[in-house]
Amino acid sequence: MRQQLAEWDQAGREQAAIRAAEQHLMQPWPAAEDIGAEARMYLEQAEGIMVEDGAGNRLIDGPAGMWCVNLGHRHEGIARVLYNQAMELSYCSPWYTMSKQAVELSQRLAAHAPGDLNHVFFTTGGSSAVETALRFMQFYNNVLGRPEKKRIVTRGGAYHGSTYLSASMNARPRDGDWMDQARDLVLHLSEPKPAPGLDAAGQRALTARLAQEFRDLIAREGAASIGAFVAEPVQASGGVVIAPEGYLREMRQICAEHDILYISDEVVTAFGRLGHVFASEAVFGIQPDMITFAKGVTAGYFPLGGVMISERLLERIRQSNHPEACFAHGLTYTSHPIGCAVALKVLDLLEAGDLERVRRLEPLFRARLESLRDLPIVKEVRSIGLMACVELATGKSDAASLAIEQKMGKRVDLHCQKLGLLVRPLINMCVISPPFIIDEAVIERMVAILREGILATIADLQAEGELPG
Ligand code: PLP
């Protein structure tokens, strides 16, 4: 042990860390060829919107960690709350106690949530929030005496988590290739992705087609077998896919007509990413039956998530013929007082100006990213709030070109890293979702680096003969 620490104290500790990681650290989403034997970028420090790698290079945190470090790194005020809460009440069991912080947070979230979503069940993150919402739907239908109403509708391009039931909703390319999913429980609809540049009439036609697809699915499978529809308001990890105008309202309406619970997965979009605490109603005009959230709720400082649940659903359970039925679901860290205290601080900060700041920066952020459209490999730029995706394509559709496209996001990211920007590469896409504390000058700098990174990738592809010179 002593020897290892000594090694880590030396100037070469990045190398030591890489060796240790390759021997002991299993990373998320590893490829089989280097599972358990892989190192990733080694970070030692971060401040504001910058992270610092092991060699001391400072990079703009383009993805805000994983869409979560929304108020920046090393936030003094949040750090104090963590410390103070740990000293005041570091933990209490949600089985038989409750903290002031959890109660106060539930009250404040209820005031922000749409309609009658006035209850919250706290979890440890996004997957456990989605898992909770789905298990709640199962319990609800069991108590109402319709145990067959359990199947869940998801959409192509969706990402809802990494626990078994939440992961069963994932429908991006390759999500289910090597992993089991509860396929008998899941029904699939198309990805709600408009073609680049689709005009208003085209958007309306697409919405009508996708709504009809849902109606056809219900007619075919039977509403009596379908318990829930789960949808991200904007498909985040699918590549910032913004559904066509009116689509979410249509889907909401269809769910209401068939007593199918609408679960809005706001793990990414809530807590300011779109300029509001919850985006479902404020941005998209819908009142879901449940809203799942995580990530931004603690701005990445503590693992916390939750589900907002409609009073109407709880009342139906309370009024059922099964007063003894138990929602046998809960986590040791449900309602964790430190997480709730941090979330209260984050809400204070969002309400005091950061929500407004996102709304103010949104047009500039979009305009600057859209300026990349003149580059020959930029196929589309999608942007809403402070989240955006630059989709890349070679313009050719032969197998070799498609194989190159699979790695294009990564190639751009590697160039951008050298220039001082972290990008989240996703197959042929680059996702950008910076901390809200970004300003106009850093947006300009970020987009300038992205442009340089894409130009360098074009130059590489030309040198390899993959693109015309
Ligand atoms: N739902 C959505 C929409 C997400 O984007 C994610 C994670 O990226 C999750 C759920 C899972 O959240 P977590 O990784 O906190 O379990």
# chains A, B, ... in the order shown; residues from 1 in each chain; ligands from 1
>>> residues_near_ligand(ligand="ligand 1", cutoff="7 Å", atoms="only C-alpha atoms and all ligand atoms", output="count of residues only")
20
>>> select_by_dssp(residues="range 121-245 of chain A", states="strand (DSSP E or B)", output="list in words")
Phe121, Phe122, Thr123, Arg151, Ile152, Val153, Thr154, Arg155, Val186, Leu187, His188, Leu189, Ile226, Gly227, Ala228, Phe229, Val230, Ala231, Val234, Gln235, Val241 and Ile242 of chain A
>>> residues_around(residues="Ala270 in chain A", least_positions_apart="3", cutoff="9 Å", atoms="only C-alpha atoms", output="list of chain:residue names")
A:Asp265, A:Glu266, A:Val267, A:Arg273, A:Leu274, A:Gly275, A:His276, A:Val277, A:Phe278, A:Ala279, A:Ser280, A:Thr292, A:Phe293, A:Ala294, A:Lys295, A:Gly296, A:Val297
>>> residues_around(residues="Leu210 in chain A", least_positions_apart="5", cutoff="12 Å", atoms="only C-alpha atoms", output="JSON, numbers by chain")
{"A": [155, 156, 188, 189, 190, 191, 192, 193, 194, 203, 204, 205, 215, 216, 217, 243, 244, 245, 246, 247, 248, 249, 250, 251, 254]}
>>> residues_around(residues="Glu405 in chain A", least_positions_apart="5", cutoff="12 Å", atoms="only C-alpha atoms", output="list in words")
Ile377, Val378, Lys379, Glu391, Leu392, Ala393, Thr394, Gly395, Lys396, Ser397, Asp398, Ala399, Ala400, Lys410, Arg411, Val412, Pro425, Leu426, Ile427, Asn428, Met429, Cys430, Thr457, Ile458, Leu461, Glu466 and Leu467 of chain A
>>> atom_distance(atom1="CA of Val346 in chain A", atom2="CA of Arg366 in chain A")
25.0 Å
>>> atom_distance(atom1="CA of Arg58 in chain A", atom2="CA of Arg368 in chain A")
22.3 Å
>>> residues_around(residues="Trp29 in chain A", least_positions_apart="5", cutoff="12 Å", atoms="only C-alpha atoms", output="number ranges by chain")
A: 34-36, 38, 40, 161-162, 174-175, 178-179
>>> write_last_selection(atoms="N, CA and C atoms", output="PDB file, in the first residue's frame")
ATOM      1  N   ASP A  34     -10.906  -4.930 -24.470  1.00  0.00           N
ATOM      2  CA  ASP A  34     -10.056  -4.415 -23.392  1.00  0.00           C
ATOM      3  C   ASP A  34     -10.824  -4.238 -22.083  1.00  0.00           C
ATOM      4  N   ILE A  35     -11.810  -5.093 -21.887  1.00  0.00           N
ATOM      5  CA  ILE A  35     -12.598  -4.985 -20.652  1.00  0.00           C
ATOM      6  C   ILE A  35     -11.699  -5.223 -19.437  1.00  0.00           C
ATOM      7  N   GLY A  36     -11.766  -4.310 -18.489  1.00  0.00           N
ATOM      8  CA  GLY A  36     -10.953  -4.427 -17.280  1.00  0.00           C
ATOM      9  C   GLY A  36      -9.486  -4.158 -17.504  1.00  0.00           C
ATOM     10  N   GLU A  38      -8.270  -1.204 -19.359  1.00  0.00           N
ATOM     11  CA  GLU A  38      -8.330   0.018 -20.162  1.00  0.00           C
ATOM     12  C   GLU A  38      -8.202   1.248 -19.263  1.00  0.00           C
ATOM     13  N   ARG A  40      -8.682   5.545 -19.155  1.00  0.00           N
ATOM     14  CA  ARG A  40      -9.325   6.662 -19.853  1.00  0.00           C
ATOM     15  C   ARG A  40      -8.621   7.955 -19.477  1.00  0.00           C
ATOM     16  N   GLY A 161     -31.212   4.080 -19.203  1.00  0.00           N
ATOM     17  CA  GLY A 161     -30.439   3.664 -18.038  1.00  0.00           C
ATOM     18  C   GLY A 161     -29.750   2.330 -18.180  1.00  0.00           C
ATOM     19  N   SER A 162     -29.157   1.878 -17.079  1.00  0.00           N
ATOM     20  CA  SER A 162     -28.327   0.674 -17.086  1.00  0.00           C
ATOM     21  C   SER A 162     -28.739  -0.356 -16.046  1.00  0.00           C
ATOM     22  N   ARG A 174     -27.190  -1.036 -31.344  1.00  0.00           N
ATOM     23  CA  ARG A 174     -26.268  -1.898 -30.590  1.00  0.00           C
ATOM     24  C   ARG A 174     -26.551  -1.995 -29.086  1.00  0.00           C
ATOM     25  N   ASP A 175     -27.563  -1.235 -28.569  1.00  0.00           N
ATOM     26  CA  ASP A 175     -27.829  -1.290 -27.126  1.00  0.00           C
ATOM     27  C   ASP A 175     -28.146  -2.707 -26.653  1.00  0.00           C
ATOM     28  N   TRP A 178     -25.517  -7.289 -27.246  1.00  0.00           N
ATOM     29  CA  TRP A 178     -24.790  -8.237 -26.407  1.00  0.00           C
ATOM     30  C   TRP A 178     -25.322  -8.301 -24.978  1.00  0.00           C
ATOM     31  N   MET A 179     -26.406  -7.588 -24.741  1.00  0.00           N
ATOM     32  CA  MET A 179     -26.957  -7.545 -23.385  1.00  0.00           C
ATOM     33  C   MET A 179     -28.403  -8.027 -23.426  1.00  0.00           C
TER      34      MET A 179
END
>>> closest_residue(among="A:Ala182, A:Ala388, A:Ile437, A:Met50", to="Arg424 in chain A", atoms="only C-alpha atoms")
A:Ala388
>>> decode(residues="range 207-235 of chain A", atoms="N, CA and C atoms", output="PDB file, in the first residue's frame")
ATOM      1  N   THR A 207     -45.333  14.127 -37.492  1.00  0.00           N
ATOM      2  CA  THR A 207     -46.047  13.938 -36.222  1.00  0.00           C
ATOM      3  C   THR A 207     -47.283  13.061 -36.442  1.00  0.00           C
ATOM      4  N   ALA A 208     -48.031  13.367 -37.501  1.00  0.00           N
ATOM      5  CA  ALA A 208     -49.256  12.597 -37.769  1.00  0.00           C
ATOM      6  C   ALA A 208     -48.910  11.127 -38.023  1.00  0.00           C
ATOM      7  N   ARG A 209     -47.820  10.899 -38.758  1.00  0.00           N
ATOM      8  CA  ARG A 209     -47.421   9.516 -39.082  1.00  0.00           C
ATOM      9  C   ARG A 209     -46.996   8.766 -37.808  1.00  0.00           C
ATOM     10  N   LEU A 210     -46.218   9.442 -36.948  1.00  0.00           N
ATOM     11  CA  LEU A 210     -45.739   8.785 -35.721  1.00  0.00           C
ATOM     12  C   LEU A 210     -46.886   8.541 -34.737  1.00  0.00           C
ATOM     13  N   ALA A 211     -47.836   9.474 -34.698  1.00  0.00           N
ATOM     14  CA  ALA A 211     -49.005   9.288 -33.821  1.00  0.00           C
ATOM     15  C   ALA A 211     -49.828   8.102 -34.321  1.00  0.00           C
ATOM     16  N   GLN A 212     -49.968   8.012 -35.633  1.00  0.00           N
ATOM     17  CA  GLN A 212     -50.736   6.880 -36.195  1.00  0.00           C
ATOM     18  C   GLN A 212     -50.030   5.551 -35.893  1.00  0.00           C
ATOM     19  N   GLU A 213     -48.707   5.586 -35.932  1.00  0.00           N
ATOM     20  CA  GLU A 213     -47.952   4.361 -35.613  1.00  0.00           C
ATOM     21  C   GLU A 213     -48.278   3.903 -34.182  1.00  0.00           C
ATOM     22  N   PHE A 214     -48.378   4.871 -33.264  1.00  0.00           N
ATOM     23  CA  PHE A 214     -48.695   4.540 -31.868  1.00  0.00           C
ATOM     24  C   PHE A 214     -50.125   3.991 -31.782  1.00  0.00           C
ATOM     25  N   ARG A 215     -51.061   4.655 -32.467  1.00  0.00           N
ATOM     26  CA  ARG A 215     -52.449   4.176 -32.434  1.00  0.00           C
ATOM     27  C   ARG A 215     -52.542   2.761 -33.008  1.00  0.00           C
ATOM     28  N   ASP A 216     -51.802   2.517 -34.093  1.00  0.00           N
ATOM     29  CA  ASP A 216     -51.823   1.181 -34.711  1.00  0.00           C
ATOM     30  C   ASP A 216     -51.261   0.138 -33.750  1.00  0.00           C
ATOM     31  N   LEU A 217     -50.185   0.519 -33.053  1.00  0.00           N
ATOM     32  CA  LEU A 217     -49.570  -0.423 -32.098  1.00  0.00           C
ATOM     33  C   LEU A 217     -50.575  -0.777 -30.990  1.00  0.00           C
ATOM     34  N   ILE A 218     -51.278   0.247 -30.505  1.00  0.00           N
ATOM     35  CA  ILE A 218     -52.252  -0.001 -29.430  1.00  0.00           C
ATOM     36  C   ILE A 218     -53.391  -0.887 -29.953  1.00  0.00           C
ATOM     37  N   ALA A 219     -53.828  -0.601 -31.178  1.00  0.00           N
ATOM     38  CA  ALA A 219     -54.916  -1.406 -31.753  1.00  0.00           C
ATOM     39  C   ALA A 219     -54.470  -2.864 -31.901  1.00  0.00           C
ATOM     40  N   ARG A 220     -53.217  -3.046 -32.301  1.00  0.00           N
ATOM     41  CA  ARG A 220     -52.685  -4.390 -32.547  1.00  0.00           C
ATOM     42  C   ARG A 220     -52.444  -5.152 -31.243  1.00  0.00           C
ATOM     43  N   GLU A 221     -51.815  -4.494 -30.273  1.00  0.00           N
ATOM     44  CA  GLU A 221     -51.403  -5.181 -29.035  1.00  0.00           C
ATOM     45  C   GLU A 221     -52.481  -5.132 -27.949  1.00  0.00           C
ATOM     46  N   GLY A 222     -53.339  -4.127 -28.026  1.00  0.00           N
ATOM     47  CA  GLY A 222     -54.406  -3.975 -27.023  1.00  0.00           C
ATOM     48  C   GLY A 222     -53.984  -3.070 -25.878  1.00  0.00           C
ATOM     49  N   ALA A 223     -54.770  -2.016 -25.631  1.00  0.00           N
ATOM     50  CA  ALA A 223     -54.445  -1.080 -24.539  1.00  0.00           C
ATOM     51  C   ALA A 223     -54.432  -1.804 -23.199  1.00  0.00           C
ATOM     52  N   ALA A 224     -55.188  -2.883 -23.104  1.00  0.00           N
ATOM     53  CA  ALA A 224     -55.258  -3.612 -21.825  1.00  0.00           C
ATOM     54  C   ALA A 224     -53.926  -4.264 -21.468  1.00  0.00           C
ATOM     55  N   SER A 225     -53.000  -4.353 -22.439  1.00  0.00           N
ATOM     56  CA  SER A 225     -51.703  -4.973 -22.126  1.00  0.00           C
ATOM     57  C   SER A 225     -50.589  -3.926 -21.985  1.00  0.00           C
ATOM     58  N   ILE A 226     -50.923  -2.652 -22.180  1.00  0.00           N
ATOM     59  CA  ILE A 226     -49.870  -1.621 -22.189  1.00  0.00           C
ATOM     60  C   ILE A 226     -50.012  -0.711 -20.968  1.00  0.00           C
ATOM     61  N   GLY A 227     -48.965  -0.677 -20.151  1.00  0.00           N
ATOM     62  CA  GLY A 227     -49.024   0.096 -18.909  1.00  0.00           C
ATOM     63  C   GLY A 227     -48.416   1.480 -19.011  1.00  0.00           C
ATOM     64  N   ALA A 228     -47.375   1.616 -19.833  1.00  0.00           N
ATOM     65  CA  ALA A 228     -46.679   2.905 -19.834  1.00  0.00           C
ATOM     66  C   ALA A 228     -46.032   3.198 -21.181  1.00  0.00           C
ATOM     67  N   PHE A 229     -45.873   4.481 -21.410  1.00  0.00           N
ATOM     68  CA  PHE A 229     -45.098   5.004 -22.539  1.00  0.00           C
ATOM     69  C   PHE A 229     -43.987   5.824 -21.893  1.00  0.00           C
ATOM     70  N   VAL A 230     -42.742   5.556 -22.253  1.00  0.00           N
ATOM     71  CA  VAL A 230     -41.636   6.291 -21.634  1.00  0.00           C
ATOM     72  C   VAL A 230     -40.875   7.043 -22.721  1.00  0.00           C
ATOM     73  N   ALA A 231     -40.654   8.332 -22.472  1.00  0.00           N
ATOM     74  CA  ALA A 231     -40.034   9.150 -23.513  1.00  0.00           C
ATOM     75  C   ALA A 231     -39.204  10.280 -22.920  1.00  0.00           C
ATOM     76  N   GLU A 232     -38.004  10.456 -23.463  1.00  0.00           N
ATOM     77  CA  GLU A 232     -37.224  11.655 -23.142  1.00  0.00           C
ATOM     78  C   GLU A 232     -37.827  12.797 -23.962  1.00  0.00           C
ATOM     79  N   PRO A 233     -38.052  13.970 -23.382  1.00  0.00           N
ATOM     80  CA  PRO A 233     -38.580  15.088 -24.174  1.00  0.00           C
ATOM     81  C   PRO A 233     -37.656  15.405 -25.362  1.00  0.00           C
ATOM     82  N   VAL A 234     -36.349  15.331 -25.116  1.00  0.00           N
ATOM     83  CA  VAL A 234     -35.359  15.423 -26.201  1.00  0.00           C
ATOM     84  C   VAL A 234     -34.473  14.203 -26.011  1.00  0.00           C
ATOM     85  N   GLN A 235     -34.349  13.371 -27.029  1.00  0.00           N
ATOM     86  CA  GLN A 235     -33.521  12.175 -26.866  1.00  0.00           C
ATOM     87  C   GLN A 235     -32.065  12.616 -26.771  1.00  0.00           C
TER      88      GLN A 235
END
